[in-house]
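Read the structure below first, then the notes.
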Amino acid sequence: MTAARTLRTAALAALPVLAAAHAAPVVSTFGPLRNRALPRLSGRGRPDHVALTFDDGPDPASTPHFLRLLDRRGVHATFFLLGTQAHRSPGLVREIAAAGHEIGVHGWLHRPLLLRGPRATHDDFARARDTIAAITGRRPTLFRPPYGVMSTAAHLAARRLGLTPVLWTCWGEDWTARATPESVHRTVARDLDGGGTILLHDSDCTSAPGAWHSALGALPRILDTCAERGFEVGRLGDHGRTA
């Protein structure tokens, strides 16, 4: 066997190992396991507090409605923005920041990280982070992956860029066409507990058209439920996340 063939054979044999290593963090997608074993990644915080987070914005058609509702209720939240959306609506990004909300990175494009290599992953995160920083004058430090699915390359890129990945402990399943305000509230309330992090969407750019209405309609009841259970609602930055 020639040296070239030996190297080619060894490389082919290593591919399954490399693929498994790249995809290993996908186990964190399973919520019950993540919540128990990876509290920091899940967004676990102090037991009297709940972090409220939104993904996929900003969207001029929907995000302002959420901002007005949060302002009326005196609540601050964390918005994980897509770089493409931020680039299209820089004024809305500044409005989110000026209202006292926290801004995190949701990537430049809403595409699965498992399908990207290390360089593409790093460049996507960096482009989104730098775009948001240029608009707000403040570099974001939090990151949430599209679909909540991490890869080894994503963990490495986030570390290099000073971004901390944060997922969630409960969500509203508000991205589907069948979602209603009642179903979103019920789904969030089922898994809601002190120290948890709620995921909702303030945009339907990656969801069923008009799906954001279900999240907006559910939000007052979600805030009321948190108050009834004695939980303060706020940003991840106020959450006192566990190590």
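The chains in the structure tokens are called A, B, ... from first to last as shown; in each chain the residues are counted from 1, and the ligands are counted from 1 in the order shown.
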
Members of region 120-213 of chain A assigned strand (DSSP E or B) by DSSP, as a CSV table (one decimal) with all heavy atoms, in the first residue's frame:
chain,number,residue,atom,x,y,z
A,142,LEU,N,-23.9,37.3,25.0
A,142,LEU,CA,-24.7,36.1,25.1
A,142,LEU,C,-25.0,35.6,23.7
A,142,LEU,O,-25.1,36.4,22.7
A,142,LEU,CB,-26.0,36.4,25.8
A,142,LEU,CG,-25.9,36.8,27.3
A,142,LEU,CD1,-27.3,37.1,27.8
A,142,LEU,CD2,-25.2,35.8,28.1
A,143,PHE,N,-25.2,34.3,23.6
A,143,PHE,CA,-25.4,33.7,22.3
A,143,PHE,C,-26.4,32.5,22.5
A,143,PHE,O,-26.4,31.8,23.4
A,143,PHE,CB,-24.1,33.1,21.7
A,143,PHE,CG,-24.3,32.1,20.5
A,143,PHE,CD1,-24.7,32.6,19.3
A,143,PHE,CD2,-24.2,30.8,20.7
A,143,PHE,CE1,-25.0,31.8,18.2
A,143,PHE,CE2,-24.4,29.9,19.6
A,143,PHE,CZ,-24.8,30.4,18.4
A,164,THR,N,-21.3,33.7,25.5
A,164,THR,CA,-21.7,32.6,26.4
A,164,THR,C,-23.0,32.0,25.8
A,164,THR,O,-24.0,32.7,25.8
A,164,THR,CB,-21.9,33.1,27.8
A,164,THR,OG1,-20.7,33.6,28.3
A,164,THR,CG2,-22.4,32.0,28.7
A,165,PRO,N,-23.0,30.7,25.5
A,165,PRO,CA,-24.3,30.1,25.0
A,165,PRO,C,-25.3,30.0,26.1
A,165,PRO,O,-24.9,29.6,27.2
A,165,PRO,CB,-23.8,28.7,24.5
A,165,PRO,CG,-22.3,28.8,24.4
A,165,PRO,CD,-21.9,29.8,25.4
A,170,CYS,N,-38.0,26.5,29.5
A,170,CYS,CA,-39.3,26.3,29.0
A,170,CYS,C,-39.6,27.2,27.8
A,170,CYS,O,-39.0,28.2,27.7
A,170,CYS,CB,-40.4,26.5,30.1
A,170,CYS,SG,-40.3,28.2,30.8
A,171,TRP,N,-40.5,26.7,26.9
A,171,TRP,CA,-40.8,27.5,25.7
A,171,TRP,C,-42.3,27.4,25.5
A,171,TRP,O,-43.0,26.6,26.1
A,171,TRP,CB,-40.0,27.0,24.5
A,171,TRP,CG,-40.2,25.5,24.2
A,171,TRP,CD1,-41.1,24.7,24.7
A,171,TRP,CD2,-39.4,24.8,23.2
A,171,TRP,NE1,-41.0,23.4,24.1
A,171,TRP,CE2,-39.9,23.5,23.2
A,171,TRP,CE3,-38.4,25.2,22.3
A,171,TRP,CZ2,-39.4,22.5,22.3
A,171,TRP,CZ3,-37.9,24.2,21.5
A,171,TRP,CH2,-38.4,22.9,21.5
A,197,THR,N,-35.7,29.9,32.5
A,197,THR,CA,-35.6,30.9,31.4
A,197,THR,C,-36.7,30.5,30.3
A,197,THR,O,-36.8,29.4,29.9
A,197,THR,CB,-34.2,30.8,30.7
A,197,THR,OG1,-33.3,31.4,31.6
A,197,THR,CG2,-34.2,31.6,29.4
A,198,ILE,N,-37.5,31.5,30.0
A,198,ILE,CA,-38.6,31.3,29.0
A,198,ILE,C,-38.1,31.7,27.6
A,198,ILE,O,-37.5,32.7,27.4
A,198,ILE,CB,-39.8,32.2,29.4
A,198,ILE,CG1,-40.3,31.8,30.8
A,198,ILE,CG2,-40.9,32.1,28.3
A,198,ILE,CD1,-41.4,32.8,31.3
A,199,LEU,N,-38.4,30.9,26.6
A,199,LEU,CA,-38.2,31.2,25.2
A,199,LEU,C,-39.5,31.5,24.5
A,199,LEU,O,-40.4,30.6,24.5
A,199,LEU,CB,-37.4,30.1,24.5
A,199,LEU,CG,-37.5,30.1,23.0
A,199,LEU,CD1,-36.8,31.3,22.4
A,199,LEU,CD2,-36.8,28.8,22.4
A,200,LEU,N,-39.6,32.7,23.9
A,200,LEU,CA,-40.7,33.0,23.0
A,200,LEU,C,-40.0,33.7,21.7
A,200,LEU,O,-38.8,33.9,21.7
A,200,LEU,CB,-41.6,34.1,23.6
A,200,LEU,CG,-42.4,33.6,24.9
A,200,LEU,CD1,-43.1,34.7,25.5
A,200,LEU,CD2,-43.3,32.4,24.5
A,201,HIS,N,-40.9,34.0,20.7
A,201,HIS,CA,-40.4,34.5,19.5
A,201,HIS,C,-41.1,35.8,19.2
A,201,HIS,O,-42.4,35.9,19.2
A,201,HIS,CB,-40.6,33.6,18.3
A,201,HIS,CG,-39.7,32.3,18.5
A,201,HIS,ND1,-40.1,31.3,19.3
A,201,HIS,CD2,-38.6,31.9,17.9
A,201,HIS,CE1,-39.2,30.3,19.2
A,201,HIS,NE2,-38.3,30.7,18.4

Could you build a table of the residues in region 207-229 of chain A lying no more than 12 Å from region 72-87 of chain A, giving for each the nearest pair of atoms and their separation in Å rounded to one decimal place, using only C-alpha atoms, ordered by chain and ascending residue number, as a tab-separated table?
residue	atom	partner	partner_atom	distance
A:Leu219	CA	A:Arg73	CA	10.4
A:Pro220	CA	A:Arg73	CA	8.5
A:Arg221	CA	A:Arg73	CA	11.6
A:Ile222	CA	A:Arg73	CA	11.8
A:Leu223	CA	A:Arg73	CA	8.6
A:Asp224	CA	A:Arg73	CA	10.0
A:Cys226	CA	A:Val75	CA	11.8
A:Ala227	CA	A:Arg73	CA	11.5

Next on the checklist: So, with only C-alpha atoms as the atoms that count, which of A:Leu163, A:Thr206, A:Ala158, A:Leu67 lies closest to Arg111 (chain A)?
Outcome noted: A:Thr206

Checklist entry - Which is closest to Thr180 (chain A) among A:Ser62, A:Ser214, A:Thr141, A:Thr53, if we use only C-alpha atoms? => result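 Using only C-alpha atoms, the shortest distance to Thr180 (chain A) belongs to A:Ser214.
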
Next on the checklist: One decimal, in Å: what's the spacing between CA of Arg138 (chain A) and CA of Val93 (chain A)?
Outcome noted: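 CA of Arg138 (chain A) sits 11.6 Å away from CA of Val93 (chain A).
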
Next on the checklist: Env of Trp108 (chain A): 12 Å cut, atoms = only C-alpha atoms, seq-sep filter 2 positions within chain, self excluded. Answer as a PyMOL selection string.
Outcome noted: chain A and resi 56-57+80-88+104-106+110-113+120-132+143-146

Next on the checklist: Which residue is closest to Ala179 (chain A)? Choose from A:Gly162, A:Gly194, A:Gly237, A:Gly217 and count only C-alpha atoms.
Outcome noted: A:Gly217

Checklist entry - When DSSP works through the backbone of this structure, what residues of region 63-240 of chain A end up as alpha helix (DSSP H), shown as a ChimeraX atom specification? => result /A:63-73,83-88,90-98,118-136,152-160,181-191,212-228

Write the residues you've just listed into a file as a compact mmCIF listing (two decimals), in the first residue's frame, and include C-alpha atoms for each of them.
# COMPACT_ATOMS: atom_id res chain seq x y z
CA THR A 63 -41.18 43.50 17.67
CA PRO A 64 -42.61 46.98 18.45
CA HIS A 65 -45.78 45.34 19.79
CA PHE A 66 -43.70 43.34 22.26
CA LEU A 67 -41.71 46.40 23.25
CA ARG A 68 -44.85 48.38 24.00
CA LEU A 69 -46.35 45.57 26.06
CA LEU A 70 -43.15 45.10 28.05
CA ASP A 71 -42.95 48.84 28.64
CA ARG A 72 -46.51 48.93 29.97
CA ARG A 73 -45.71 46.07 32.33
CA GLY A 83 -27.67 39.50 12.27
CA THR A 84 -29.59 39.69 8.99
CA GLN A 85 -32.62 41.10 10.78
CA ALA A 86 -30.54 43.58 12.76
CA HIS A 87 -28.82 44.76 9.60
CA ARG A 88 -32.22 45.45 7.99
CA PRO A 90 -30.82 49.10 12.86
CA GLY A 91 -33.20 51.71 14.28
CA LEU A 92 -35.28 49.00 15.89
CA VAL A 93 -32.16 47.43 17.39
CA ARG A 94 -31.30 50.76 18.96
CA GLU A 95 -34.87 51.06 20.22
CA ILE A 96 -34.59 47.67 21.95
CA ALA A 97 -31.35 48.71 23.62
CA ALA A 98 -32.62 52.17 24.58
CA PRO A 118 -15.55 25.60 12.16
CA ARG A 119 -14.65 28.52 9.87
CA ALA A 120 -18.20 29.11 8.66
CA THR A 121 -19.51 28.89 12.23
CA HIS A 122 -16.98 31.40 13.53
CA ASP A 123 -17.59 33.83 10.67
CA ASP A 124 -21.37 33.67 11.15
CA PHE A 125 -21.14 34.44 14.87
CA ALA A 126 -18.55 37.17 14.38
CA ARG A 127 -20.55 38.90 11.67
CA ALA A 128 -23.70 38.96 13.81
CA ARG A 129 -21.84 40.06 16.94
CA ASP A 130 -19.98 42.85 15.15
CA THR A 131 -23.11 44.09 13.36
CA ILE A 132 -25.01 44.38 16.64
CA ALA A 133 -22.02 46.03 18.32
CA ALA A 134 -21.72 48.59 15.51
CA ILE A 135 -25.42 49.49 15.83
CA THR A 136 -25.65 49.67 19.63
CA THR A 152 -18.31 21.50 19.04
CA ALA A 153 -17.36 24.14 16.47
CA ALA A 154 -20.04 26.43 17.90
CA HIS A 155 -18.72 26.07 21.45
CA LEU A 156 -15.18 26.82 20.28
CA ALA A 157 -16.25 29.80 18.16
CA ALA A 158 -18.37 31.24 20.96
CA ARG A 159 -15.47 31.00 23.39
CA ARG A 160 -13.09 32.72 20.97
CA PRO A 181 -52.26 32.41 23.06
CA GLU A 182 -53.88 29.78 25.27
CA SER A 183 -51.61 26.96 24.07
CA VAL A 184 -48.49 29.11 24.40
CA HIS A 185 -49.37 30.11 27.97
CA ARG A 186 -50.26 26.53 28.91
CA THR A 187 -47.01 25.14 27.48
CA VAL A 188 -44.85 27.74 29.24
CA ALA A 189 -46.70 27.41 32.56
CA ARG A 190 -46.34 23.63 32.53
CA ASP A 191 -42.54 23.79 32.87
CA TRP A 212 -45.88 35.90 16.65
CA HIS A 213 -49.48 36.84 17.47
CA SER A 214 -49.78 33.75 19.67
CA ALA A 215 -46.71 34.74 21.71
CA LEU A 216 -47.86 38.34 22.04
CA GLY A 217 -51.33 37.25 23.10
CA ALA A 218 -49.92 34.85 25.69
CA LEU A 219 -47.38 37.25 27.16
CA PRO A 220 -49.67 39.10 29.62
CA ARG A 221 -50.92 35.80 31.07
CA ILE A 222 -47.36 34.48 31.30
CA LEU A 223 -46.30 37.58 33.23
CA ASP A 224 -49.36 37.25 35.46
CA THR A 225 -48.54 33.59 36.15
CA CYS A 226 -44.97 34.51 37.10
CA ALA A 227 -46.29 37.15 39.50
CA GLU A 228 -48.80 34.73 41.02

Item to check | d(CA of Leu114 (chain A), CA of Ser203 (chain A)) in Å | outcome: 23.4 Å

Next on the checklist: Please compute the CA of Glu232 (chain A)-CA of Phe54 (chain A) distance, one decimal, in Å.
Outcome noted: 17.0 Å

Next on the checklist: I need the residue nearest Pro209 (chain A) from this list: A:Glu102, A:Asp174, A:Asp238, A:Asp48. Use only C-alpha atoms for the distance.
Outcome noted: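 Closest to Pro209 (chain A), using only C-alpha atoms: A:Asp174.
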
Checklist entry - Which is closest to Val149 (chain A) among A:Gly137, A:Leu161, A:Leu41, A:Gly210, if we use only C-alpha atoms? => result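 So, comparing all the options, the nearest one is A:Leu41.
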
Item to check | Proximity to Met150 (chain A) - best of A:Gly172, A:Gly234, A:Gly100, A:Gly107, only C-alpha atoms | outcome: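 That would be A:Gly107, the residue with the smallest distance to Met150 (chain A).
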